[in-house]
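Below is one structure, written out as structure tokens; comments come after it.
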Amino acid sequence: MNKEEMGKEAYQAFYLENYRHSLSHVLAKAVIELFGKENVQYAIGPQIDDGFYYDFLLPRPIVKEDYAAIENKMREILKRKENWTRKEVSKAEALEIFRGQKFKTELIEDLPEDETISTYTTGDDFIDLCRGPHIENSQELLGAAFEIKSVSGSYWRGDEHRDQLQRVYVYAFPNKDELKAHKAMMREAMERDHKKLGKEMELFMFDETAPGMPYWLPRGFKLFNALLAFWRQEHEKHGYQEISAPQIQKRELWLTSGHWDHYRDGMFVLPAKKVAEDGSVSFEVDDQDTYCVKPMNCPNAILVYKSKLHSYKELPIRYSETDVIHRREKSGELNGLFRVQMFRQDDDHTFLTEDMIEDEISDIMDIAKTIYGTFGLEYVAELSTRPEDYMGDIEVWNQAEASLKRILDKKYGEGGYEINEGDGAFYGPKIDLKMRDCIGREWQMGTIQLDFQLPLNFDLKYMAADGTQKRPVMIHRAIFGSMERFIGILIENFKGRFPFWLAPVQVGIVPIKPEHNEYAKQLEKKLREAGIRVEADYADKNMNDKIKTLRTYRDPYILVVGDKEMETGTLAVNIAGNKKAYGVPVETFIAACERMNKTYQLELEETFA
RNA sequence: GCUUCCGUAGCACAGUCGGUAGUGCACUUCACUCGUAAUGAAGGGGUCGCCGGUUCGAAUCCGGCCGGGAGCUCCA
């Protein structure tokens, strides 16, 4: 195919892939030349969004000091201007060519007997198993810009029980400018890092004694509460009722729910205290007195549902819950607020009849649209179907999956969503909502899960119109997913400059001299009475110091008050730490703040007319 | 859990060849009373993550553990 037939964009994408993929062969060749062919088992080397990687099994770890040598070797190879030749071989021939290369051998063995196997030879000493296509001569890559990004571990075929390989990640772009732009983007992402901003803005912290369990600091908790208040307001409109329930419960409950069997590794368990006859004390997991810290809210919502008999007329019943939950994670998986062991879901469990499912899920999607839209976030739906370790009747699963597909087809059009086969929860299929932040990263947030299993385990019922008792269906759902993770995403998405309504403290006041304190106090009072989160610095110190601190906190507005303001009753407003507006009447400013709090608008107002 | 890197004052970091610690910001005090990101001076603050080993001597070398980052696997 050529440029004309493919169209410009497709051609560029093809070319980029071809470049990256070909460069990955060059990386493998370089590593082999540096380490010696007999010492290298090379696995696979695909292209990725910003370059490519290649997995190797090597006699020693590759360290940073090796990067330059590898890059130089790659450049040296390109300068040889070697020809790349494609050759089709039989399975037997392929096995012979890659004798001694266990990963290649395994790949070949897994191919069907009649598959056409192609190899690419670069120069006269390097051959790789590859579908292609590739460049024809190394000189085509001479202009390409590449740089080793990092080296890390990865499992052969993603299986943690198999060989752990060293994965060499390389940035690769057609030219230096694009590489430079990409690195600038990476730096931008680093600057947005919520762990860095969270510390700077005093939003949250961690302590070694509680790994993965965030402490919300005063400023951070103001933000947290503002977010939750918004969430509550939206859900109230849709008939949600909030409950709160015990944090720990006897093991018995988790046996009934199935979590003890399916989720035990993820639970913090409190063993029972045993006192022997000789007075010695031990702790054991037993049937009676062992408690589990809740990893999920569902069983409690069910107990609340079960506390009385419900009529079909009451359904759907929606019990929402934002209690703290705890989940044990493997040590290497924790990551700031993105992956924690203690968090709050914006959870809900809805009890309803089968024929209500479609309307209900449609309603949940409307809520999601409103809420994500408030933050300006784009999102896509992803359907996850029956996993291997599923519980329950396969027929029920099939029906549930079919109905979810129907809803998604209706909402987003056929093919307007993704399907993730086998990735559902053990109790039912689910729809996940994934968003993209303003620098293009994808996050899993909301989830909507159908559950036919728990109503069965807990023998749930409702009184149907015909006077018989029937079993309700359950929906687990969350829009933010976890409040903690969502706030982490928001910090990075907004780079700490939150929309006004969400900012921890919305207005900071800086009196220039102590004699302006009295006026500043009146102003502070006025703002607070208007429902605006405000702080003022009355310390006897240089006004520049005060401004600096409030800018670090990223208060949306900083009001500097001095003689002029006192005389005229107006304000000097520092907007987002950057622009300035002078002579703003106090009432006008307050009205703007109240408006932003009411409408949840994204943009910070800059003119106060 | 695995691979790899890291852990020095509240924060950001320096610390050579092993000889019991420094800088900047922040904090405290004094002076300055200031118009939008660093006023000046003085001062306080550290069992160098924890435990053990090597050594006359360990922030430094070795081992284990705890915590953190980047990935893998898993997940909200």
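Within each chain, counting starts at residue 1; across the structure tokens, chains are named A, B, ... in the order shown, with ligands numbered 1 upward in that order.
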
Closest-contact table, chain B side, partner chain A, 10 Å, counting only C-alpha atoms (C1' of nucleotides), as JSON lines:
{"residue": "B:G1", "atom": "C1'", "partner": "A:Lys330", "partner_atom": "CA", "distance": 6.2}
{"residue": "B:C2", "atom": "C1'", "partner": "A:Glu160", "partner_atom": "CA", "distance": 7.2}
{"residue": "B:U3", "atom": "C1'", "partner": "A:Gly153", "partner_atom": "CA", "distance": 4.1}
{"residue": "B:U4", "atom": "C1'", "partner": "A:Ser152", "partner_atom": "CA", "distance": 6.0}
{"residue": "B:C5", "atom": "C1'", "partner": "A:Val63", "partner_atom": "CA", "distance": 9.5}
{"residue": "B:C11", "atom": "C1'", "partner": "A:Glu200", "partner_atom": "CA", "distance": 8.6}
{"residue": "B:C32", "atom": "C1'", "partner": "A:Asn542", "partner_atom": "CA", "distance": 9.2}
{"residue": "B:U33", "atom": "C1'", "partner": "A:Lys513", "partner_atom": "CA", "distance": 6.2}
{"residue": "B:C34", "atom": "C1'", "partner": "A:Asn542", "partner_atom": "CA", "distance": 6.2}
{"residue": "B:G35", "atom": "C1'", "partner": "A:Ile512", "partner_atom": "CA", "distance": 7.7}
{"residue": "B:U36", "atom": "C1'", "partner": "A:Asn544", "partner_atom": "CA", "distance": 6.9}
{"residue": "B:A37", "atom": "C1'", "partner": "A:Lys548", "partner_atom": "CA", "distance": 5.4}
{"residue": "B:A38", "atom": "C1'", "partner": "A:Asp545", "partner_atom": "CA", "distance": 7.9}
{"residue": "B:U39", "atom": "C1'", "partner": "A:Asn542", "partner_atom": "CA", "distance": 8.3}
{"residue": "B:G49", "atom": "C1'", "partner": "A:Glu208", "partner_atom": "CA", "distance": 9.6}
{"residue": "B:C66", "atom": "C1'", "partner": "A:Glu208", "partner_atom": "CA", "distance": 8.0}
{"residue": "B:G67", "atom": "C1'", "partner": "A:Glu208", "partner_atom": "CA", "distance": 5.7}
{"residue": "B:G68", "atom": "C1'", "partner": "A:Asn335", "partner_atom": "CA", "distance": 9.0}
{"residue": "B:G69", "atom": "C1'", "partner": "A:Asn335", "partner_atom": "CA", "distance": 8.5}
{"residue": "B:A70", "atom": "C1'", "partner": "A:Ser152", "partner_atom": "CA", "distance": 7.6}
{"residue": "B:G71", "atom": "C1'", "partner": "A:Ser152", "partner_atom": "CA", "distance": 5.0}
{"residue": "B:C72", "atom": "C1'", "partner": "A:Ser154", "partner_atom": "CA", "distance": 4.1}
{"residue": "B:U73", "atom": "C1'", "partner": "A:Glu160", "partner_atom": "CA", "distance": 5.8}
{"residue": "B:C74", "atom": "C1'", "partner": "A:Glu333", "partner_atom": "CA", "distance": 8.0}
{"residue": "B:C75", "atom": "C1'", "partner": "A:Arg339", "partner_atom": "CA", "distance": 8.1}
{"residue": "B:A76", "atom": "C1'", "partner": "A:Gly481", "partner_atom": "CA", "distance": 5.0}

Name all residues at most 10 Å from Tyr171 (chain A) (count only C-alpha atoms (C1' of nucleotides); drop same-chain ones fewer than 6 positions away) and give them as a compact mmCIF listing (two decimals) with N, CA, C and O atoms, in the first residue's frame.
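This went into out-v7.txt:
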# COMPACT_ATOMS: atom_id res chain seq x y z
N ARG A 20 8.89 2.40 14.76
CA ARG A 20 9.07 1.94 16.14
C ARG A 20 9.33 0.45 16.20
O ARG A 20 10.20 -0.01 16.94
N GLN A 47 5.55 -2.10 19.52
CA GLN A 47 5.52 -0.65 19.63
C GLN A 47 4.39 -0.27 20.58
O GLN A 47 3.40 -0.98 20.69
N ILE A 48 4.56 0.84 21.26
CA ILE A 48 3.53 1.36 22.16
C ILE A 48 3.32 2.84 21.85
O ILE A 48 3.94 3.37 20.93
N ASP A 49 2.46 3.48 22.63
CA ASP A 49 2.06 4.86 22.33
C ASP A 49 3.21 5.84 22.11
O ASP A 49 3.12 6.72 21.27
N ASP A 50 4.24 5.73 22.94
CA ASP A 50 5.29 6.72 22.81
C ASP A 50 6.63 6.12 22.39
O ASP A 50 7.68 6.71 22.60
N GLY A 51 6.58 4.93 21.83
CA GLY A 51 7.82 4.31 21.38
C GLY A 51 7.67 2.80 21.27
O GLY A 51 6.78 2.31 20.58
N PHE A 52 8.50 2.09 21.99
CA PHE A 52 8.42 0.64 21.96
C PHE A 52 9.16 0.09 23.16
O PHE A 52 9.79 0.85 23.91
N TYR A 53 9.02 -1.23 23.37
CA TYR A 53 9.85 -1.86 24.38
C TYR A 53 10.31 -3.20 23.84
O TYR A 53 9.84 -3.68 22.80
N ALA A 145 14.35 9.82 16.21
CA ALA A 145 14.85 10.23 17.52
C ALA A 145 14.38 9.20 18.54
O ALA A 145 13.19 8.90 18.60
N PHE A 146 15.30 8.65 19.30
CA PHE A 146 14.91 7.70 20.33
C PHE A 146 15.77 7.85 21.56
O PHE A 146 16.86 8.42 21.50
N GLU A 147 15.26 7.37 22.66
CA GLU A 147 15.96 7.51 23.93
C GLU A 147 15.40 6.49 24.91
O GLU A 147 14.19 6.34 25.01
N ILE A 148 16.28 5.79 25.61
CA ILE A 148 15.79 4.81 26.57
C ILE A 148 15.08 5.54 27.70
O ILE A 148 15.60 6.49 28.27
N LYS A 149 13.87 5.10 27.96
CA LYS A 149 13.05 5.77 28.98
C LYS A 149 13.30 5.14 30.34
O LYS A 149 13.57 5.82 31.31
N SER A 150 13.22 3.81 30.40
CA SER A 150 13.38 3.14 31.67
C SER A 150 13.52 1.64 31.44
O SER A 150 13.28 1.15 30.35
N LEU A 179 10.19 14.10 19.79
CA LEU A 179 10.70 13.49 21.02
C LEU A 179 10.76 14.54 22.13
O LEU A 179 10.34 14.30 23.26
N HIS A 182 7.39 15.34 23.40
CA HIS A 182 6.86 14.28 24.24
C HIS A 182 7.48 14.32 25.64
O HIS A 182 6.79 14.16 26.64
N LYS A 183 8.77 14.58 25.69
CA LYS A 183 9.42 14.66 26.99
C LYS A 183 8.90 15.84 27.79
O LYS A 183 8.76 15.76 29.02

Would you kindly return, as number ranges by chain, each protein, DNA or RNA residue with an atom no farther than 12 Å from any atom of C27 (chain B), considering only C-alpha atoms (C1' of nucleotides) and excluding same-chain residues fewer than 4 positions away? B: 9-11, 43-45

List as an mmCIF file with all heavy atoms, in the first residue's frame the protein and nucleic acid residues near region 491-508 of chain A, meaning an atom at most 7 Å away when only C-alpha atoms (C1' of nucleotides) are counted, but skip any in the same chain fewer than 5 places from it.
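Output below, filename around_12.cif:
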data_model
loop_
_atom_site.group_PDB
_atom_site.id
_atom_site.type_symbol
_atom_site.label_atom_id
_atom_site.label_comp_id
_atom_site.auth_asym_id
_atom_site.auth_seq_id
_atom_site.Cartn_x
_atom_site.Cartn_y
_atom_site.Cartn_z
ATOM 1 N N ARG A 192 2.236 17.777 37.556
ATOM 2 C CA ARG A 192 0.860 17.635 38.013
ATOM 3 C C ARG A 192 0.716 16.568 39.075
ATOM 4 O O ARG A 192 -0.357 16.404 39.645
ATOM 5 C CB ARG A 192 -0.033 17.222 36.833
ATOM 6 C CG ARG A 192 -0.266 18.320 35.859
ATOM 7 C CD ARG A 192 -0.920 17.783 34.606
ATOM 8 N NE ARG A 192 -1.089 18.860 33.655
ATOM 9 C CZ ARG A 192 -2.217 19.572 33.531
ATOM 10 N NH1 ARG A 192 -3.256 19.279 34.253
ATOM 11 N NH2 ARG A 192 -2.284 20.552 32.668
ATOM 12 N N ASP A 193 1.749 15.806 39.322
ATOM 13 C CA ASP A 193 1.689 14.671 40.245
ATOM 14 C C ASP A 193 0.929 15.023 41.528
ATOM 15 O O ASP A 193 1.310 15.937 42.251
ATOM 16 C CB ASP A 193 3.117 14.234 40.597
ATOM 17 C CG ASP A 193 3.114 12.932 41.366
ATOM 18 O OD1 ASP A 193 2.314 12.819 42.321
ATOM 19 O OD2 ASP A 193 3.885 12.020 41.024
ATOM 20 N N HIS A 194 -0.143 14.288 41.796
ATOM 21 C CA HIS A 194 -0.978 14.643 42.942
ATOM 22 C C HIS A 194 -0.261 14.444 44.266
ATOM 23 O O HIS A 194 -0.609 15.077 45.253
ATOM 24 C CB HIS A 194 -2.288 13.851 42.915
ATOM 25 C CG HIS A 194 -2.135 12.414 43.289
ATOM 26 N ND1 HIS A 194 -1.673 11.468 42.412
ATOM 27 C CD2 HIS A 194 -2.354 11.768 44.449
ATOM 28 C CE1 HIS A 194 -1.640 10.295 43.022
ATOM 29 N NE2 HIS A 194 -2.045 10.445 44.257
ATOM 30 N N LEU A 197 1.645 17.772 44.547
ATOM 31 C CA LEU A 197 0.719 18.886 44.783
ATOM 32 C C LEU A 197 -0.019 18.729 46.109
ATOM 33 O O LEU A 197 -0.275 19.706 46.798
ATOM 34 C CB LEU A 197 -0.281 18.993 43.629
ATOM 35 C CG LEU A 197 0.293 19.509 42.316
ATOM 36 C CD1 LEU A 197 -0.751 19.441 41.219
ATOM 37 C CD2 LEU A 197 0.793 20.936 42.473
ATOM 38 N N ARG A 219 -7.234 21.250 54.803
ATOM 39 C CA ARG A 219 -7.559 21.807 53.481
ATOM 40 C C ARG A 219 -8.131 20.738 52.569
ATOM 41 O O ARG A 219 -9.092 20.971 51.832
ATOM 42 C CB ARG A 219 -6.320 22.423 52.834
ATOM 43 C CG ARG A 219 -5.621 23.457 53.671
ATOM 44 C CD ARG A 219 -4.491 24.123 52.903
ATOM 45 N NE ARG A 219 -4.989 25.186 52.062
ATOM 46 C CZ ARG A 219 -5.179 26.425 52.477
ATOM 47 N NH1 ARG A 219 -4.876 26.780 53.706
ATOM 48 N NH2 ARG A 219 -5.663 27.327 51.662
ATOM 49 N N GLY A 220 -7.511 19.575 52.597
ATOM 50 C CA GLY A 220 -7.968 18.495 51.732
ATOM 51 C C GLY A 220 -9.374 18.050 52.072
ATOM 52 O O GLY A 220 -10.161 17.696 51.199
ATOM 53 N N LYS A 222 -11.720 19.877 53.301
ATOM 54 C CA LYS A 222 -12.688 20.867 52.813
ATOM 55 C C LYS A 222 -13.071 20.516 51.371
ATOM 56 O O LYS A 222 -14.237 20.544 50.998
ATOM 57 C CB LYS A 222 -12.080 22.272 52.841
ATOM 58 C CG LYS A 222 -12.045 22.905 54.223
ATOM 59 C CD LYS A 222 -11.453 24.312 54.114
ATOM 60 C CE LYS A 222 -10.993 24.862 55.445
ATOM 61 N NZ LYS A 222 -12.097 25.232 56.331
ATOM 62 N N LEU A 223 -12.069 20.180 50.601
ATOM 63 C CA LEU A 223 -12.307 19.795 49.203
ATOM 64 C C LEU A 223 -13.155 18.522 49.163
ATOM 65 O O LEU A 223 -14.138 18.421 48.427
ATOM 66 C CB LEU A 223 -10.963 19.573 48.510
ATOM 67 C CG LEU A 223 -10.958 19.179 47.041
ATOM 68 C CD1 LEU A 223 -9.660 19.656 46.409
ATOM 69 C CD2 LEU A 223 -11.053 17.682 46.844
ATOM 70 N N ALA A 226 -16.676 19.272 49.962
ATOM 71 C CA ALA A 226 -17.352 20.006 48.889
ATOM 72 C C ALA A 226 -17.761 19.036 47.783
ATOM 73 O O ALA A 226 -18.858 19.119 47.225
ATOM 74 C CB ALA A 226 -16.434 21.089 48.331
ATOM 75 N N LEU A 227 -16.862 18.102 47.499
ATOM 76 C CA LEU A 227 -17.130 17.116 46.454
ATOM 77 C C LEU A 227 -18.307 16.219 46.852
ATOM 78 O O LEU A 227 -19.212 15.959 46.057
ATOM 79 C CB LEU A 227 -15.871 16.268 46.229
ATOM 80 C CG LEU A 227 -15.924 15.235 45.126
ATOM 81 C CD1 LEU A 227 -16.106 15.900 43.770
ATOM 82 C CD2 LEU A 227 -14.659 14.384 45.122
ATOM 83 N N ASP A 437 -8.191 12.212 31.070
ATOM 84 C CA ASP A 437 -7.954 13.523 31.675
ATOM 85 C C ASP A 437 -7.400 14.483 30.619
ATOM 86 O O ASP A 437 -7.229 14.120 29.454
ATOM 87 C CB ASP A 437 -7.057 13.426 32.912
ATOM 88 C CG ASP A 437 -5.610 13.090 32.566
ATOM 89 O OD1 ASP A 437 -5.240 13.172 31.389
ATOM 90 O OD2 ASP A 437 -4.861 12.738 33.488
ATOM 91 N N CYS A 438 -7.122 15.722 31.058
ATOM 92 C CA CYS A 438 -6.795 16.749 30.069
ATOM 93 C C CYS A 438 -5.434 16.532 29.415
ATOM 94 O O CYS A 438 -5.100 17.208 28.449
ATOM 95 C CB CYS A 438 -6.883 18.132 30.692
ATOM 96 S SG CYS A 438 -5.646 18.386 31.967
ATOM 97 N N ILE A 532 -18.905 31.272 51.487
ATOM 98 C CA ILE A 532 -17.642 31.163 50.756
ATOM 99 C C ILE A 532 -16.557 30.727 51.733
ATOM 100 O O ILE A 532 -16.465 31.242 52.851
ATOM 101 C CB ILE A 532 -17.296 32.531 50.119
ATOM 102 C CG1 ILE A 532 -18.371 32.894 49.094
ATOM 103 C CG2 ILE A 532 -15.920 32.496 49.474
ATOM 104 C CD1 ILE A 532 -18.460 34.368 48.797
ATOM 105 N N ARG A 533 -15.753 29.751 51.313
ATOM 106 C CA ARG A 533 -14.653 29.284 52.168
ATOM 107 C C ARG A 533 -13.511 30.292 52.065
ATOM 108 O O ARG A 533 -12.954 30.506 50.991
ATOM 109 C CB ARG A 533 -14.209 27.885 51.755
ATOM 110 C CG ARG A 533 -15.292 26.820 51.967
ATOM 111 C CD ARG A 533 -14.790 25.407 51.730
ATOM 112 N NE ARG A 533 -14.485 25.151 50.333
ATOM 113 C CZ ARG A 533 -15.387 24.834 49.400
ATOM 114 N NH1 ARG A 533 -16.678 24.750 49.718
ATOM 115 N NH2 ARG A 533 -15.007 24.611 48.154
ATOM 116 N N VAL A 534 -13.205 30.897 53.202
ATOM 117 C CA VAL A 534 -12.285 32.028 53.185
ATOM 118 C C VAL A 534 -11.241 31.902 54.286
ATOM 119 O O VAL A 534 -11.485 31.263 55.310
ATOM 120 C CB VAL A 534 -13.095 33.344 53.321
ATOM 121 C CG1 VAL A 534 -13.918 33.347 54.596
ATOM 122 C CG2 VAL A 534 -12.214 34.570 53.248
ATOM 123 N N GLU A 535 -10.052 32.433 54.045
ATOM 124 C CA GLU A 535 -9.017 32.489 55.079
ATOM 125 C C GLU A 535 -8.320 33.829 54.961
ATOM 126 O O GLU A 535 -8.282 34.431 53.885
ATOM 127 C CB GLU A 535 -8.008 31.341 54.907
ATOM 128 C CG GLU A 535 -7.188 31.413 53.621
ATOM 129 C CD GLU A 535 -6.354 30.165 53.388
ATOM 130 O OE1 GLU A 535 -5.868 29.581 54.368
ATOM 131 O OE2 GLU A 535 -6.206 29.776 52.211
ATOM 132 N N ALA A 536 -7.777 34.283 56.098
ATOM 133 C CA ALA A 536 -7.078 35.566 56.094
ATOM 134 C C ALA A 536 -5.813 35.418 56.919
ATOM 135 O O ALA A 536 -5.768 34.656 57.862
ATOM 136 C CB ALA A 536 -7.980 36.651 56.668
ATOM 137 N N LEU A 550 -0.389 31.874 50.117
ATOM 138 C CA LEU A 550 -1.721 31.623 49.564
ATOM 139 C C LEU A 550 -1.635 31.179 48.098
ATOM 140 O O LEU A 550 -2.480 30.426 47.623
ATOM 141 C CB LEU A 550 -2.598 32.874 49.696
ATOM 142 C CG LEU A 550 -2.901 33.272 51.150
ATOM 143 C CD1 LEU A 550 -3.712 34.557 51.192
ATOM 144 C CD2 LEU A 550 -3.633 32.155 51.877
ATOM 145 N N ARG A 554 -2.873 27.757 46.286
ATOM 146 C CA ARG A 554 -3.689 27.932 45.083
ATOM 147 C C ARG A 554 -5.126 28.340 45.393
ATOM 148 O O ARG A 554 -6.073 27.846 44.794
ATOM 149 C CB ARG A 554 -3.653 26.668 44.217
ATOM 150 C CG ARG A 554 -2.259 26.446 43.621
ATOM 151 C CD ARG A 554 -2.144 25.068 42.993
ATOM 152 N NE ARG A 554 -0.857 24.837 42.361
ATOM 153 C CZ ARG A 554 0.275 24.587 42.995
ATOM 154 N NH1 ARG A 554 0.316 24.585 44.321
ATOM 155 N NH2 ARG A 554 1.385 24.365 42.330
ATOM 156 N N ASP A 555 -5.270 29.248 46.328
ATOM 157 C CA ASP A 555 -6.594 29.828 46.554
ATOM 158 C C ASP A 555 -6.975 30.537 45.251
ATOM 159 O O ASP A 555 -6.176 31.313 44.712
ATOM 160 C CB ASP A 555 -6.541 30.874 47.688
ATOM 161 C CG ASP A 555 -6.363 30.215 49.057
ATOM 162 O OD1 ASP A 555 -6.232 28.968 49.094
ATOM 163 O OD2 ASP A 555 -6.348 30.936 50.060
ATOM 164 N N PRO A 556 -8.188 30.304 44.733
ATOM 165 C CA PRO A 556 -8.566 30.902 43.441
ATOM 166 C C PRO A 556 -8.431 32.426 43.439
ATOM 167 O O PRO A 556 -7.932 32.998 42.488
ATOM 168 C CB PRO A 556 -10.023 30.477 43.265
ATOM 169 C CG PRO A 556 -10.154 29.223 44.060
ATOM 170 C CD PRO A 556 -9.219 29.367 45.221
ATOM 171 N N TYR A 557 -8.893 33.053 44.513
ATOM 172 C CA TYR A 557 -8.778 34.511 44.595
ATOM 173 C C TYR A 557 -7.993 34.902 45.839
ATOM 174 O O TYR A 557 -8.203 34.348 46.907
ATOM 175 C CB TYR A 557 -10.164 35.166 44.705
ATOM 176 C CG TYR A 557 -11.047 34.980 43.497
ATOM 177 C CD1 TYR A 557 -12.312 34.424 43.640
ATOM 178 C CD2 TYR A 557 -10.626 35.376 42.226
ATOM 179 C CE1 TYR A 557 -13.145 34.261 42.538
ATOM 180 C CE2 TYR A 557 -11.459 35.215 41.128
ATOM 181 C CZ TYR A 557 -12.704 34.653 41.283
ATOM 182 O OH TYR A 557 -13.524 34.494 40.211
ATOM 183 N N ILE A 558 -7.110 35.871 45.668
ATOM 184 C CA ILE A 558 -6.444 36.458 46.829
ATOM 185 C C ILE A 558 -6.802 37.941 46.838
ATOM 186 O O ILE A 558 -6.593 38.651 45.849
ATOM 187 C CB ILE A 558 -4.913 36.281 46.742
ATOM 188 C CG1 ILE A 558 -4.563 34.789 46.692
ATOM 189 C CG2 ILE A 558 -4.234 36.953 47.942
ATOM 190 C CD1 ILE A 558 -3.101 34.510 46.357
ATOM 191 N N LEU A 559 -7.384 38.389 47.959
ATOM 192 C CA LEU A 559 -7.771 39.798 48.072
ATOM 193 C C LEU A 559 -6.705 40.522 48.870
ATOM 194 O O LEU A 559 -6.394 40.137 49.994
ATOM 195 C CB LEU A 559 -9.118 39.910 48.795
ATOM 196 C CG LEU A 559 -10.268 39.063 48.224
ATOM 197 C CD1 LEU A 559 -11.519 39.247 49.071
ATOM 198 C CD2 LEU A 559 -10.539 39.449 46.770
ATOM 199 N N MET A 596 -20.768 31.102 41.224
ATOM 200 C CA MET A 596 -19.939 29.936 40.887
ATOM 201 C C MET A 596 -20.232 28.754 41.809
ATOM 202 O O MET A 596 -20.213 27.610 41.387
ATOM 203 C CB MET A 596 -18.455 30.318 40.949
ATOM 204 C CG MET A 596 -18.022 31.171 39.772
ATOM 205 S SD MET A 596 -16.268 31.532 39.776
ATOM 206 C CE MET A 596 -16.194 32.735 41.087
ATOM 207 N N ASN A 597 -20.505 29.060 43.072
ATOM 208 C CA ASN A 597 -20.846 27.976 44.000
ATOM 209 C C ASN A 597 -22.171 27.320 43.637
ATOM 210 O O ASN A 597 -22.359 26.127 43.834
ATOM 211 C CB ASN A 597 -20.945 28.526 45.433
ATOM 212 C CG ASN A 597 -19.598 28.485 46.144
ATOM 213 O OD1 ASN A 597 -18.694 27.747 45.725
ATOM 214 N ND2 ASN A 597 -19.456 29.259 47.197
ATOM 215 N N TYR A 600 -21.721 25.527 39.855
ATOM 216 C CA TYR A 600 -20.607 24.585 39.685
ATOM 217 C C TYR A 600 -19.849 24.839 38.384
ATOM 218 O O TYR A 600 -19.349 23.912 37.755
ATOM 219 C CB TYR A 600 -21.106 23.134 39.715
ATOM 220 C CG TYR A 600 -21.776 22.773 41.006
ATOM 221 C CD1 TYR A 600 -23.169 22.813 41.128
ATOM 222 C CD2 TYR A 600 -21.034 22.395 42.118
ATOM 223 C CE1 TYR A 600 -23.804 22.507 42.325
ATOM 224 C CE2 TYR A 600 -21.653 22.093 43.318
ATOM 225 C CZ TYR A 600 -23.030 22.142 43.411
ATOM 226 O OH TYR A 600 -23.642 21.837 44.601
ATOM 227 N N LEU A 602 -17.098 25.614 35.659
ATOM 228 C CA LEU A 602 -15.694 25.212 35.602
ATOM 229 C C LEU A 602 -14.751 26.410 35.630
ATOM 230 O O LEU A 602 -13.721 26.391 36.285
ATOM 231 C CB LEU A 602 -15.436 24.440 34.303
ATOM 232 C CG LEU A 602 -15.543 22.923 34.337
ATOM 233 C CD1 LEU A 602 -15.435 22.381 32.927
ATOM 234 C CD2 LEU A 602 -14.473 22.310 35.223
ATOM 235 N N GLU A 603 -15.115 27.464 34.870
ATOM 236 C CA GLU A 603 -14.198 28.579 34.717
ATOM 237 C C GLU A 603 -14.285 29.546 35.888
ATOM 238 O O GLU A 603 -15.363 29.835 36.385
ATOM 239 C CB GLU A 603 -14.479 29.348 33.415
ATOM 240 C CG GLU A 603 -14.201 28.546 32.158
ATOM 241 C CD GLU A 603 -15.305 27.526 31.879
ATOM 242 O OE1 GLU A 603 -16.460 27.757 32.329
ATOM 243 O OE2 GLU A 603 -15.012 26.500 31.243
ATOM 244 N N LEU A 604 -13.139 30.054 36.245
ATOM 245 C CA LEU A 604 -13.052 31.055 37.290
ATOM 246 C C LEU A 604 -13.370 32.413 36.658
ATOM 247 O O LEU A 604 -12.785 32.769 35.634
ATOM 248 C CB LEU A 604 -11.622 31.046 37.841
ATOM 249 C CG LEU A 604 -11.337 31.843 39.106
ATOM 250 C CD1 LEU A 604 -12.192 31.331 40.263
ATOM 251 C CD2 LEU A 604 -9.858 31.748 39.447
#

I'd like the contact shell of Lys102 (chain A) - 12 Å cut-off, only C-alpha atoms (C1' of nucleotides), skipping same-chain residues fewer than 4 positions apart - returned as number ranges by chain. A: 40-44, 56-57, 95-98, 106-109, 156, 163

Residues within 12 Å of Lys79 (chain A), only C-alpha atoms (C1' of nucleotides), excluding chain neighbours under 5 positions, as number ranges by chain: A: 26, 72-74, 123, 137-143

Output file for the residues above (C-alpha atoms, as a PDB file, in the first residue's frame):
ATOM      1  CA  VAL A  26      17.595  -2.684  16.427  1.00  0.00           C
ATOM      2  CA  ASN A  72      25.165   4.326  20.997  1.00  0.00           C
ATOM      3  CA  LYS A  73      25.215   0.738  19.848  1.00  0.00           C
ATOM      4  CA  MET A  74      21.792   1.234  18.264  1.00  0.00           C
ATOM      5  CA  GLY A 123      22.480  -7.368   8.408  1.00  0.00           C
ATOM      6  CA  ASN A 137      17.247  -0.691   5.133  1.00  0.00           C
ATOM      7  CA  SER A 138      18.484   0.655   8.442  1.00  0.00           C
ATOM      8  CA  GLN A 139      19.284   3.998   6.877  1.00  0.00           C
ATOM      9  CA  GLU A 140      15.567   4.786   6.841  1.00  0.00           C
ATOM     10  CA  LEU A 141      15.830   5.094  10.603  1.00  0.00           C
ATOM     11  CA  LEU A 142      18.798   7.418  10.683  1.00  0.00           C
ATOM     12  CA  GLY A 143      16.581  10.440  11.252  1.00  0.00           C
TER      13      GLY A 143
END

Can you tell me how far CA of Leu309 (chain A) sits from CA of Tyr462 (chain A), in Å to one decimal?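 According to the coordinates, CA of Leu309 (chain A) and CA of Tyr462 (chain A) are separated by 6.5 Å.
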
Leaving out Tyr263 (chain A) and any residue of its chain fewer than 5 positions from it, which residues lie within 12 Å of it when counting only C-alpha atoms (C1' of nucleotides), given as a PyMOL selection string? chain A and resi 254-255+257-258+268-269+292+294-296+327-329+389+425-427

Per DSSP on the backbone, filter region 244-411 of chain A down to the residues in alpha helix (DSSP H) and report them as an MDAnalysis selection string. chainID A and resid 251:257 259:262 298:306 357:374 394:411
